[in-house]
Each structure stands twice: as C-alpha cells, then as structure tokens.
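One file, target-v9.pdb, carrying PDB, C-alpha atoms and all ligand atoms:
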ATOM      1  CA  ILE A   1      86.367  54.940   1.935
ATOM      2  CA  GLU A   2      89.884  53.549   1.949
ATOM      3  CA  THR A   3      91.690  54.780   5.029
ATOM      4  CA  SER A   4      95.225  54.399   6.329
ATOM      5  CA  GLN A   5      93.681  53.444   9.674
ATOM      6  CA  ARG A   6      91.382  50.626   8.672
ATOM      7  CA  PRO A   7      88.910  49.994  11.496
ATOM      8  CA  SER A   8      89.243  46.674  13.252
ATOM      9  CA  VAL A   9      86.310  44.264  12.898
ATOM     10  CA  ILE A  10      85.719  41.293  15.183
ATOM     11  CA  TRP A  11      83.161  38.862  13.720
ATOM     12  CA  LEU A  12      81.691  36.219  16.022
ATOM     13  CA  HIS A  13      79.820  33.080  14.929
ATOM     14  CA  PHE A  14      77.321  31.334  17.179
ATOM     15  CA  GLN A  15      74.199  29.287  16.344
ATOM     16  CA  GLU A  16      74.226  29.691  12.584
ATOM     17  CA  CYS A  17      74.888  28.088   9.219
ATOM     18  CA  THR A  18      77.489  30.640   8.010
ATOM     19  CA  GLY A  19      75.130  31.585   5.183
ATOM     20  CA  CYS A  20      75.474  35.239   6.132
ATOM     21  CA  SER A  21      79.235  35.070   5.590
ATOM     22  CA  GLU A  22      78.659  33.093   2.393
ATOM     23  CA  SER A  23      76.359  35.839   1.141
ATOM     24  CA  LEU A  24      79.020  38.446   1.864
ATOM     25  CA  LEU A  25      81.625  36.365   0.009
ATOM     26  CA  ARG A  26      79.576  36.829  -3.159
ATOM     27  CA  ALA A  27      79.337  40.622  -2.996
ATOM     28  CA  GLU A  28      80.750  42.390  -6.026
ATOM     29  CA  HIS A  29      80.903  46.084  -5.126
ATOM     30  CA  PRO A  30      83.097  46.103  -3.240
ATOM     31  CA  THR A  31      84.280  42.524  -3.365
ATOM     32  CA  LEU A  32      85.036  40.852  -0.062
ATOM     33  CA  GLU A  33      88.796  40.898  -0.718
ATOM     34  CA  LYS A  34      88.702  44.655  -1.338
ATOM     35  CA  LEU A  35      86.637  45.107   1.802
ATOM     36  CA  ILE A  36      88.969  43.164   4.082
ATOM     37  CA  LEU A  37      92.267  44.226   2.464
ATOM     38  CA  ASP A  38      91.597  47.917   1.749
ATOM     39  CA  VAL A  39      88.640  49.104   3.807
ATOM     40  CA  ILE A  40      88.494  47.272   7.137
ATOM     41  CA  SER A  41      90.872  45.110   9.136
ATOM     42  CA  LEU A  42      89.054  41.823   9.730
ATOM     43  CA  ASP A  43      90.946  40.716  12.827
ATOM     44  CA  TYR A  44      88.764  37.795  13.880
ATOM     45  CA  HIS A  45      86.456  35.689  11.692
ATOM     46  CA  GLU A  46      86.429  31.955  12.346
ATOM     47  CA  THR A  47      85.642  30.992   8.739
ATOM     48  CA  LEU A  48      88.023  33.342   6.944
ATOM     49  CA  MET A  49      91.013  33.636   9.285
ATOM     50  CA  ALA A  50      94.040  31.378   8.874
ATOM     51  CA  ALA A  51      94.606  31.100  12.611
ATOM     52  CA  ALA A  52      93.006  28.404  14.747
ATOM     53  CA  GLY A  53      92.837  27.442  18.412
ATOM     54  CA  HIS A  54      94.915  29.503  20.837
ATOM     55  CA  GLN A  55      96.315  31.617  17.986
ATOM     56  CA  ALA A  56      92.796  32.648  16.986
ATOM     57  CA  GLU A  57      91.843  33.465  20.566
ATOM     58  CA  ALA A  58      95.001  35.572  20.855
ATOM     59  CA  ALA A  59      94.060  37.490  17.687
ATOM     60  CA  ARG A  60      90.663  38.357  19.178
ATOM     61  CA  LYS A  61      92.162  39.456  22.496
ATOM     62  CA  ASP A  62      94.858  41.502  20.731
ATOM     63  CA  ALA A  63      92.319  43.301  18.550
ATOM     64  CA  MET A  64      90.122  44.080  21.561
ATOM     65  CA  LYS A  65      93.059  45.477  23.512
ATOM     66  CA  THR A  66      94.702  47.424  20.674
ATOM     67  CA  HIS A  67      91.458  48.905  19.340
ATOM     68  CA  LYS A  68      89.578  49.296  22.606
ATOM     69  CA  GLY A  69      86.533  51.500  22.106
ATOM     70  CA  LYS A  70      87.105  51.685  18.350
ATOM     71  CA  TYR A  71      86.442  48.264  16.859
ATOM     72  CA  VAL A  72      83.222  47.098  15.222
ATOM     73  CA  LEU A  73      81.678  43.898  16.552
ATOM     74  CA  VAL A  74      79.676  41.838  14.068
ATOM     75  CA  VAL A  75      77.660  38.891  15.351
ATOM     76  CA  GLU A  76      76.390  36.103  13.075
ATOM     77  CA  GLY A  77      74.055  33.571  14.666
ATOM     78  CA  ALA A  78      71.710  33.338  17.614
ATOM     79  CA  ILE A  79      72.847  32.946  21.209
ATOM     80  CA  PRO A  80      71.491  30.039  23.271
ATOM     81  CA  VAL A  81      70.609  31.159  26.789
ATOM     82  CA  LYS A  82      68.980  28.005  28.196
ATOM     83  CA  ASP A  83      70.982  26.035  30.808
ATOM     84  CA  ASN A  84      73.469  28.889  31.181
ATOM     85  CA  GLY A  85      74.307  28.823  27.493
ATOM     86  CA  ILE A  86      76.052  25.440  27.383
ATOM     87  CA  PHE A  87      74.753  24.703  23.880
ATOM     88  CA  CYS A  88      77.328  26.946  22.182
ATOM     89  CA  LYS A  89      80.889  27.278  23.467
ATOM     90  CA  ILE A  90      84.050  28.484  21.729
ATOM     91  CA  GLY A  91      87.448  28.192  23.418
ATOM     92  CA  ASP A  92      85.548  27.039  26.538
ATOM     93  CA  HIS A  93      83.581  30.305  26.704
ATOM     94  CA  THR A  94      79.831  30.371  26.213
ATOM     95  CA  ALA A  95      78.393  32.502  23.428
ATOM     96  CA  ILE A  96      76.738  34.595  26.148
ATOM     97  CA  ASP A  97      80.082  35.410  27.769
ATOM     98  CA  LEU A  98      81.830  36.001  24.451
ATOM     99  CA  VAL A  99      79.280  38.454  23.072
ATOM    100  CA  LYS A 100      79.161  40.388  26.343
ATOM    101  CA  GLU A 101      82.954  40.516  26.580
ATOM    102  CA  CYS A 102      83.410  41.649  22.976
ATOM    103  CA  ALA A 103      80.534  44.149  23.031
ATOM    104  CA  ALA A 104      81.751  45.903  26.178
ATOM    105  CA  ASP A 105      84.472  47.907  24.382
ATOM    106  CA  ALA A 106      83.067  47.949  20.844
ATOM    107  CA  ALA A 107      82.367  51.239  19.074
ATOM    108  CA  ALA A 108      79.407  49.625  17.293
ATOM    109  CA  VAL A 109      77.602  46.297  17.353
ATOM    110  CA  ILE A 110      75.985  44.878  14.212
ATOM    111  CA  ALA A 111      73.808  41.753  14.292
ATOM    112  CA  ILE A 112      73.974  40.228  10.816
ATOM    113  CA  GLY A 113      71.268  37.840   9.637
ATOM    114  CA  SER A 114      67.952  36.809  11.114
ATOM    115  CA  CYS A 115      69.572  34.463  13.676
ATOM    116  CA  ALA A 116      71.493  37.282  15.333
ATOM    117  CA  SER A 117      68.725  39.847  14.751
ATOM    118  CA  TRP A 118      65.807  37.987  16.301
ATOM    119  CA  GLY A 119      66.731  34.331  16.836
ATOM    120  CA  GLY A 120      65.966  33.197  13.298
ATOM    121  CA  MET A 121      66.027  29.529  12.362
ATOM    122  CA  PRO A 122      67.604  28.272  15.635
ATOM    123  CA  SER A 123      64.777  29.862  17.628
ATOM    124  CA  THR A 124      62.045  27.999  15.726
ATOM    125  CA  GLY A 125      59.599  26.388  18.173
ATOM    126  CA  PRO A 126      60.034  24.689  20.557
ATOM    127  CA  ASN A 127      63.414  26.483  20.646
ATOM    128  CA  PRO A 128      65.118  23.858  22.826
ATOM    129  CA  THR A 129      68.301  25.889  23.369
ATOM    130  CA  GLY A 130      66.640  29.218  24.135
ATOM    131  CA  ALA A 131      68.184  30.754  20.996
ATOM    132  CA  SER A 132      68.036  34.544  21.435
ATOM    133  CA  SER A 133      69.030  37.689  19.619
ATOM    134  CA  VAL A 134      72.103  39.815  20.285
ATOM    135  CA  ALA A 135      69.928  42.661  21.575
ATOM    136  CA  GLU A 136      68.157  40.352  24.047
ATOM    137  CA  VAL A 137      71.439  39.050  25.435
ATOM    138  CA  LEU A 138      73.123  42.456  25.643
ATOM    139  CA  GLY A 139      69.975  44.127  26.980
ATOM    140  CA  LYS A 140      70.330  47.018  24.557
ATOM    141  CA  SER A 141      69.447  47.752  20.969
ATOM    142  CA  VAL A 142      71.973  47.031  18.235
ATOM    143  CA  VAL A 143      71.923  47.526  14.482
ATOM    144  CA  THR A 144      70.253  44.534  12.860
ATOM    145  CA  ILE A 145      70.615  43.369   9.238
ATOM    146  CA  PRO A 146      67.993  40.594   9.144
ATOM    147  CA  GLY A 147      67.561  38.171   6.270
ATOM    148  CA  CYS A 148      68.408  34.524   5.801
ATOM    149  CA  PRO A 149      70.834  35.204   4.420
ATOM    150  CA  PRO A 150      70.771  38.997   4.506
ATOM    151  CA  ASN A 151      71.649  41.048   1.486
ATOM    152  CA  PRO A 152      75.417  41.691   1.662
ATOM    153  CA  TYR A 153      74.984  45.216   0.329
ATOM    154  CA  ASN A 154      72.896  46.209   3.327
ATOM    155  CA  PHE A 155      75.751  45.136   5.583
ATOM    156  CA  LEU A 156      78.417  46.764   3.407
ATOM    157  CA  ALA A 157      76.449  50.013   3.164
ATOM    158  CA  THR A 158      76.093  50.052   6.964
ATOM    159  CA  VAL A 159      79.852  49.587   7.416
ATOM    160  CA  VAL A 160      80.660  52.220   4.789
ATOM    161  CA  HIS A 161      78.228  54.631   6.467
ATOM    162  CA  PHE A 162      80.052  54.089   9.756
ATOM    163  CA  LEU A 163      83.446  54.659   8.110
ATOM    164  CA  THR A 164      82.298  57.766   6.261
ATOM    165  CA  PHE A 165      80.260  59.529   8.928
ATOM    166  CA  GLY A 166      81.650  57.998  12.123
ATOM    167  CA  LYS A 167      78.209  56.793  13.149
ATOM    168  CA  LEU A 168      75.757  54.069  12.232
ATOM    169  CA  PRO A 169      72.810  54.787   9.898
ATOM    170  CA  ASP A 170      69.308  55.677  11.120
ATOM    171  CA  VAL A 171      67.387  52.591  12.157
ATOM    172  CA  ASP A 172      63.757  51.666  12.794
ATOM    173  CA  LYS A 173      62.410  50.369  16.107
ATOM    174  CA  LEU A 174      63.776  46.881  15.337
ATOM    175  CA  GLY A 175      67.284  48.221  14.730
ATOM    176  CA  ARG A 176      67.073  47.823  10.945
ATOM    177  CA  PRO A 177      68.726  50.526   8.785
ATOM    178  CA  LYS A 178      65.921  52.596   7.315
ATOM    179  CA  PHE A 179      67.674  52.878   3.950
ATOM    180  CA  ALA A 180      67.127  49.136   3.441
ATOM    181  CA  TYR A 181      64.073  48.065   5.459
ATOM    182  CA  SER A 182      61.496  50.825   5.198
ATOM    183  CA  ARG A 183      59.584  49.552   2.146
ATOM    184  CA  LEU A 184      57.623  46.362   1.523
ATOM    185  CA  ILE A 185      59.087  43.969  -1.023
ATOM    186  CA  HIS A 186      55.648  43.957  -2.662
ATOM    187  CA  GLU A 187      55.884  47.693  -3.472
ATOM    188  CA  ASN A 188      58.688  47.315  -5.999
ATOM    189  CA  CYS A 189      58.347  43.723  -7.096
ATOM    190  CA  GLU A 190      58.750  43.070 -10.809
ATOM    191  CA  ARG A 191      55.629  40.836 -10.656
ATOM    192  CA  ARG A 192      53.502  43.542  -9.035
ATOM    193  CA  ALA A 193      51.626  44.425 -12.240
ATOM    194  CA  HIS A 194      50.425  40.815 -12.385
ATOM    195  CA  PHE A 195      49.240  41.007  -8.766
ATOM    196  CA  ASP A 196      47.270  44.168  -9.519
ATOM    197  CA  ALA A 197      45.759  42.562 -12.616
ATOM    198  CA  GLY A 198      44.846  39.377 -10.740
ATOM    199  CA  ARG A 199      47.239  37.153 -12.684
ATOM    200  CA  PHE A 200      48.669  34.488 -10.375
ATOM    201  CA  ALA A 201      50.807  31.373 -10.706
ATOM    202  CA  MET A 202      48.764  28.586  -9.131
ATOM    203  CA  GLU A 203      51.367  25.807  -9.260
ATOM    204  CA  PHE A 204      55.122  25.699  -9.699
ATOM    205  CA  GLY A 205      55.805  25.168 -13.370
ATOM    206  CA  ASP A 206      52.318  26.061 -14.649
ATOM    207  CA  ALA A 207      51.831  28.505 -17.517
ATOM    208  CA  GLY A 208      51.418  31.486 -15.167
ATOM    209  CA  HIS A 209      54.573  30.607 -13.271
ATOM    210  CA  ARG A 210      56.564  30.376 -16.483
ATOM    211  CA  GLN A 211      55.213  33.741 -17.650
ATOM    212  CA  GLY A 212      56.328  35.507 -14.481
ATOM    213  CA  TYR A 213      52.884  35.920 -12.878
ATOM    214  CA  CYS A 214      52.541  36.919  -9.229
ATOM    215  CA  LEU A 215      53.498  34.267  -6.664
ATOM    216  CA  TYR A 216      51.050  35.330  -3.939
ATOM    217  CA  LYS A 217      48.952  32.183  -4.290
ATOM    218  CA  LEU A 218      52.087  30.083  -3.952
ATOM    219  CA  GLY A 219      52.612  31.643  -0.532
ATOM    220  CA  CYS A 220      54.589  34.815  -1.284
ATOM    221  CA  LYS A 221      55.029  36.963   1.817
ATOM    222  CA  GLY A 222      56.260  40.029  -0.049
ATOM    223  CA  PRO A 223      53.158  42.020   1.015
ATOM    224  CA  GLU A 224      54.140  41.746   4.699
ATOM    225  CA  THR A 225      57.937  41.763   4.467
ATOM    226  CA  TYR A 226      59.996  44.927   4.807
ATOM    227  CA  ALA A 227      63.258  44.616   2.850
ATOM    228  CA  ASN A 228      64.879  45.863  -0.344
ATOM    229  CA  CYS A 229      65.399  42.515  -2.111
ATOM    230  CA  SER A 230      63.134  43.586  -4.978
ATOM    231  CA  THR A 231      65.170  46.710  -5.684
ATOM    232  CA  ILE A 232      68.827  45.758  -5.238
ATOM    233  CA  GLY A 233      68.959  41.967  -5.558
ATOM    234  CA  PHE A 234      71.816  39.792  -4.385
ATOM    235  CA  GLY A 235      75.299  39.303  -5.806
ATOM    236  CA  ASP A 236      75.695  40.148  -9.455
ATOM    237  CA  ALA A 237      73.309  42.220 -11.528
ATOM    238  CA  GLY A 238      70.357  40.665 -13.300
ATOM    239  CA  GLU A 239      66.706  39.969 -12.697
ATOM    240  CA  ASN A 240      67.198  36.430 -11.369
ATOM    241  CA  ASN A 241      69.265  37.483  -8.384
ATOM    242  CA  TRP A 242      66.590  37.382  -5.692
ATOM    243  CA  PRO A 243      64.004  34.760  -4.634
ATOM    244  CA  VAL A 244      60.961  36.085  -6.514
ATOM    245  CA  GLY A 245      63.103  36.817  -9.579
ATOM    246  CA  CYS A 246      64.054  33.123  -9.567
ATOM    247  CA  GLY A 247      60.394  32.076  -9.399
ATOM    248  CA  HIS A 248      60.249  31.287  -5.681
ATOM    249  CA  PRO A 249      57.858  33.084  -3.341
ATOM    250  CA  CYS A 250      59.380  35.331  -0.692
ATOM    251  CA  ILE A 251      59.231  33.424   2.613
ATOM    252  CA  GLY A 252      59.665  36.587   4.695
ATOM    253  CA  CYS A 253      63.086  35.459   5.878
ATOM    254  CA  SER A 254      63.893  38.919   7.230
ATOM    255  CA  GLU A 255      60.697  39.388   9.279
ATOM    256  CA  LYS A 256      60.278  38.104  12.806
ATOM    257  CA  GLY A 257      57.006  36.206  12.999
ATOM    258  CA  VAL A 258      56.719  35.832   9.220
ATOM    259  CA  GLY A 259      59.642  33.772   7.943
ATOM    260  CA  PHE A 260      59.960  30.178   9.237
ATOM    261  CA  THR A 261      57.238  30.405  11.841
ATOM    262  CA  LYS A 262      54.079  31.491  10.061
ATOM    263  CA  PRO A 263      52.263  28.948   7.890
ATOM    264  CA  ILE A 264      51.849  29.702   4.214
ATOM    265  CA  HIS A 265      48.519  31.434   3.688
ATOM    266  CA  GLN A 266      45.601  29.540   2.242
ATOM    267  CA  VAL A 267      45.453  29.466  -1.510
ATOM    268  CA  ALA A 268      42.070  30.747  -2.632
TER     269      ALA A 268
HETATM  270 FE1  LIG B 301      72.342  30.991   8.221
HETATM  271 FE2  LIG B 301      70.136  32.373   7.891
HETATM  272 FE3  LIG B 301      71.220  32.312  10.276
HETATM  273 FE4  LIG B 301      72.449  33.669   8.331
HETATM  274  S1  LIG B 301      70.452  34.153   9.245
HETATM  275  S2  LIG B 301      73.426  32.228   9.763
HETATM  276  S3  LIG B 301      71.919  32.431   6.529
HETATM  277  S4  LIG B 301      70.361  30.498   9.177
HETATM  278 FE1  LIG B 302      53.899  40.861  -4.206
HETATM  279 FE2  LIG B 302      55.043  38.454  -4.050
HETATM  280 FE3  LIG B 302      53.367  38.983  -6.018
HETATM  281 FE4  LIG B 302      55.774  40.113  -5.947
HETATM  282  S1  LIG B 302      55.332  37.927  -6.230
HETATM  283  S2  LIG B 302      53.825  41.125  -6.441
HETATM  284  S3  LIG B 302      56.031  40.431  -3.766
HETATM  285  S4  LIG B 302      52.844  38.915  -3.819
HETATM  286 FE1  LIG B 303      64.153  36.748   2.174
HETATM  287 FE2  LIG B 303      61.961  37.372   0.916
HETATM  288 FE3  LIG B 303      64.138  38.738   0.454
HETATM  289  S1  LIG B 303      62.666  35.312   1.388
HETATM  290  S2  LIG B 303      65.744  37.212   0.701
HETATM  291  S3  LIG B 303      63.021  38.640   2.387
HETATM  292  S4  LIG B 303      62.617  38.107  -1.050
END
What would you get if you wrote out this structure as structure tokens?
Ligand code: SF4
Ligand code: SF4
Ligand code: F3S
Amino acid sequence: IETSQRPSVIWLHFQECTGCSESLLRAEHPTLEKLILDVISLDYHETLMAAAGHQAEAARKDAMKTHKGKYVLVVEGAIPVKDNGIFCKIGDHTAIDLVKECAADAAAVIAIGSCASWGGMPSTGPNPTGASSVAEVLGKSVVTIPGCPPNPYNFLATVVHFLTFGKLPDVDKLGRPKFAYSRLIHENCERRAHFDAGRFAMEFGDAGHRQGYCLYKLGCKGPETYANCSTIGFGDAGENNWPVGCGHPCIGCSEKGVGFTKPIHQVA
C-alpha cells in the first residue's frame, strides 16, 4: 500500500471532542506515523499539523489546488446549521462553508465518528446549534464510519481499500462500509453464551459481573447495534480492548437513535 504518490488527505474538525483522532492515534497496524509518513500525505489536520493560523489555512488551500479532484476529505465532528452556522467558525469561515468548499473537488469524502456520520453527541436534544451530519449538509451520501469513537481499523481499512482499488468499499444505506457494520455486536460477543443460558450481571461488581456474565440487564445495546467491536476490538490485541470486554455495556454509540438518545431498557 506504500506508494510514491501518497494521496493527499485533508481532515477537518468541527463540533467534536477529537476522540476520533485520539482513537486513530492508538492504532497499531499500521501505526499512525506509518500511515501519515508512508501511506498518505496528511496535508491538513488541526490537531496533528505543526502549522497554525494563516500558515495552516495556506496548507489547506495548497493541498486543494495541487491535488484537485484527487484528495480525500475526512470530516470529524458535526456541522451546526442553525443561525447560518455561526456556532462553529475556523479562520472566519463557517463549518458549512468549509465542508462544502473542501468537498467540491475531493475524490472521496469520509465522515469519521458518530458526530460527522449522523450528528452524534452535539445533536443530542434539544440540539441548540442544529448539529447535522456531513451528508445532510452536502446533500449527498458519503462514507460514514460511526462510533464514539469509531474503531480506527474501520477507518484505516476504508483508506487502504481506496488506495488499493481506487474506489471506496461497498456501503449500506447509511453509508457504513459493509465489511464493518453488517453484523450485530451481539452475534459475536464473548458473553453471548451467558445471554443464551440466561446468566446476567445484575449490578456492576456483583458475582455475575465479575464472572463475565451477559450485560444485557445492565443496559447493553449490543442486540440492536451494528458494528464489529466484538470481533476486532480497539488498539492492541487482547480481550479487554472493547467496552463489553472491559465489563461495560455497549451503549450503541455507533447507531443513530440508539446511542446517547435512547434510554437504557428496563431491567427485568
Ligand atoms: Fe468525539 Fe465521539 Fe464525536 Fe468522535 S464521534 S468527535 S469521539 S464525540
Ligand atoms: Fe449481547 Fe451485550 Fe450480552 Fe454481549 S453483553 S451477549 S452484546 S447483550
Ligand atoms: Fe460503541 Fe458499543 Fe462498540 S458502545 S464502541 S458500539 S461496543
């Protein structure tokens, strides 16, 4: 996947916590430094770039001009549309204007994280800023990698697919790559045998919780959440590298209408 012509990537940040970038920083295969030094050319990323102010703006403009029609645009964070978008401005441009400007000549647009994919945390009711997804603002579908944060390997695999085949991977009707979001977490969960046998943790720290019993009665949303957390985990290898593996119920962070907004189901 290493190429002499590393594709240019412009990464925008809007209404977000930078957790998506933080998640990517902890990837191990490839590591972030290998990704940005050998595989892609990360020409604009407000957290990782050394430039600031006018120099940073110039880097973005340069990349857009030099790689017109060929660069990949990655968007982290939701876009506020209420009151003409005044709630998020960078270099005196609203997020609305920036995403439209940068998407116009991009070869591909990837919305990383639940904020960019469907509004996520910033869009939680009453959504005072009108936080919206990239697809809503652009008026067209884009590839989405939801999750809060998303699994870095789903993003990296999407980029590598684009580099290898010159096109983005197959996606479902929500723009999610099918290779990562076509199965329920519940299907491959390591606690699934306990669910089937009716063995549930009833309180954090009780005997069932300590023995790895199913977390459904603590509010786990794995049965209604499509993602691959239970099969690939986050960061390094090991069984404690995803929420349920650590003993916390899945909150459905990657599902619109499940994570953040839907109350935890009643414990029977
Ligand atoms: Fe942060 Fe979650 Fe939004 Fe990513 S999706 S920027 S981790 S709030
Ligand atoms: Fe399903 Fe959650 Fe229980 Fe795992 S912990 S088996 S995902 S309900
Ligand atoms: Fe999110 Fe649930 Fe995976 S909370 S990280 S979708 S296990």
- request: Throw together the list of residues within 10 Å of ligand LIG 303 (chain B), counting all atoms listed in the file, and drop it here as number ranges by chain.
  value: A: 114, 146-151, 181, 184-186, 189, 220-230, 233-234, 241-246, 248-255, 258-260
query: Any chance you could work out the residue set of the PyMOL selection byres (((chain A and resi 105) around 9) and not hetatm) here, as a list in words?
result: Met64, Lys65, His67, Lys68, Gly69, Lys70, Tyr71, Glu101, Cys102, Ala103, Ala104, Ala106, Ala107 and Ala108 of chain A
message: If the limit is 6 Å from any atom of ligand LIG 301 (chain B), counting only C-alpha atoms and all ligand atoms, which residues qualify? Return them as a VMD selection string.
response: chain A and resid 16 to 20 76 to 77 113 to 115 121 147 to 149
Under the PyMOL selection byres (((chain A and resi 86-100) around 10) and not hetatm), which residues of this model are included? Write them out as a PDB file with C-alpha atoms, keeping the file's coordinate frame.
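The resulting file, result_13.pdb, is shown below:
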ATOM      1  CA  LEU A  12      81.691  36.219  16.022  1.00  0.00           C
ATOM      2  CA  HIS A  13      79.820  33.080  14.929  1.00  0.00           C
ATOM      3  CA  PHE A  14      77.321  31.334  17.179  1.00  0.00           C
ATOM      4  CA  GLN A  15      74.199  29.287  16.344  1.00  0.00           C
ATOM      5  CA  GLY A  53      92.837  27.442  18.412  1.00  0.00           C
ATOM      6  CA  HIS A  54      94.915  29.503  20.837  1.00  0.00           C
ATOM      7  CA  ALA A  56      92.796  32.648  16.986  1.00  0.00           C
ATOM      8  CA  GLU A  57      91.843  33.465  20.566  1.00  0.00           C
ATOM      9  CA  LEU A  73      81.678  43.898  16.552  1.00  0.00           C
ATOM     10  CA  VAL A  74      79.676  41.838  14.068  1.00  0.00           C
ATOM     11  CA  VAL A  75      77.660  38.891  15.351  1.00  0.00           C
ATOM     12  CA  GLY A  77      74.055  33.571  14.666  1.00  0.00           C
ATOM     13  CA  ALA A  78      71.710  33.338  17.614  1.00  0.00           C
ATOM     14  CA  ILE A  79      72.847  32.946  21.209  1.00  0.00           C
ATOM     15  CA  PRO A  80      71.491  30.039  23.271  1.00  0.00           C
ATOM     16  CA  VAL A  81      70.609  31.159  26.789  1.00  0.00           C
ATOM     17  CA  LYS A  82      68.980  28.005  28.196  1.00  0.00           C
ATOM     18  CA  ASP A  83      70.982  26.035  30.808  1.00  0.00           C
ATOM     19  CA  ASN A  84      73.469  28.889  31.181  1.00  0.00           C
ATOM     20  CA  GLY A  85      74.307  28.823  27.493  1.00  0.00           C
ATOM     21  CA  GLU A 101      82.954  40.516  26.580  1.00  0.00           C
ATOM     22  CA  CYS A 102      83.410  41.649  22.976  1.00  0.00           C
ATOM     23  CA  ALA A 103      80.534  44.149  23.031  1.00  0.00           C
ATOM     24  CA  ALA A 104      81.751  45.903  26.178  1.00  0.00           C
ATOM     25  CA  ASP A 105      84.472  47.907  24.382  1.00  0.00           C
ATOM     26  CA  VAL A 109      77.602  46.297  17.353  1.00  0.00           C
ATOM     27  CA  PRO A 128      65.118  23.858  22.826  1.00  0.00           C
ATOM     28  CA  THR A 129      68.301  25.889  23.369  1.00  0.00           C
ATOM     29  CA  GLY A 130      66.640  29.218  24.135  1.00  0.00           C
ATOM     30  CA  ALA A 131      68.184  30.754  20.996  1.00  0.00           C
ATOM     31  CA  SER A 132      68.036  34.544  21.435  1.00  0.00           C
ATOM     32  CA  VAL A 134      72.103  39.815  20.285  1.00  0.00           C
ATOM     33  CA  VAL A 137      71.439  39.050  25.435  1.00  0.00           C
ATOM     34  CA  LEU A 138      73.123  42.456  25.643  1.00  0.00           C
ATOM     35  CA  GLY A 139      69.975  44.127  26.980  1.00  0.00           C
TER      36      GLY A 139
END
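For A:Phe179, the set of protein, DNA and RNA residues having any atom at most 12 Å away, when counting all atoms listed in the file and skipping those fewer than 6 positions along the same chain, is Ile145, Tyr153, Asn154, Phe155, Ala157, Thr158, His161, Leu168, Pro169, Asp170, Val171, Asp172, Tyr226, Ala227, Asn228, Thr231 and Ile232 of chain A.
Among A:Lys256, A:Arg192, A:Lys140, A:Lys173, the residue with the shortest atom-to-atom distance to ligand LIG 302 (chain B), counting all atoms listed in the file, is A:Arg192.
Between A:Lys178 and the residues A:Ser133, A:Val160, A:Thr144, A:Phe200, the shortest atom-to-atom distance, using only C-alpha atoms, involves A:Thr144.
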- prompt: Using the chain letters and numbers from the file, which residues does the PyMOL selection byres (((chain A and resi 208) around 12) and not hetatm) grab, as a PyMOL selection string?
  reply: chain A and resi 191+194-195+198-207+209-218+247
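Closest approach to ligand LIG 302 (chain B) among A:Ser117, A:Asn188, A:Gln55, A:Thr124: A:Asn188, based on only C-alpha atoms and all ligand atoms.
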Centre and edge lengths, as lines of an AutoDock Vina configuration file, for the axis-aligned box enclosing every listed atom of ligand LIG 302 (chain B) with 5 Å of padding on each of the six sides, in Å to one decimal?
center_x = 54.4
center_y = 39.5
center_z = -5.1
size_x = 13.2
size_y = 13.2
size_z = 12.7
statement: atom CA of A:Ala51 sits from atom CA of A:Ile110 at a separation of 23.2 Å
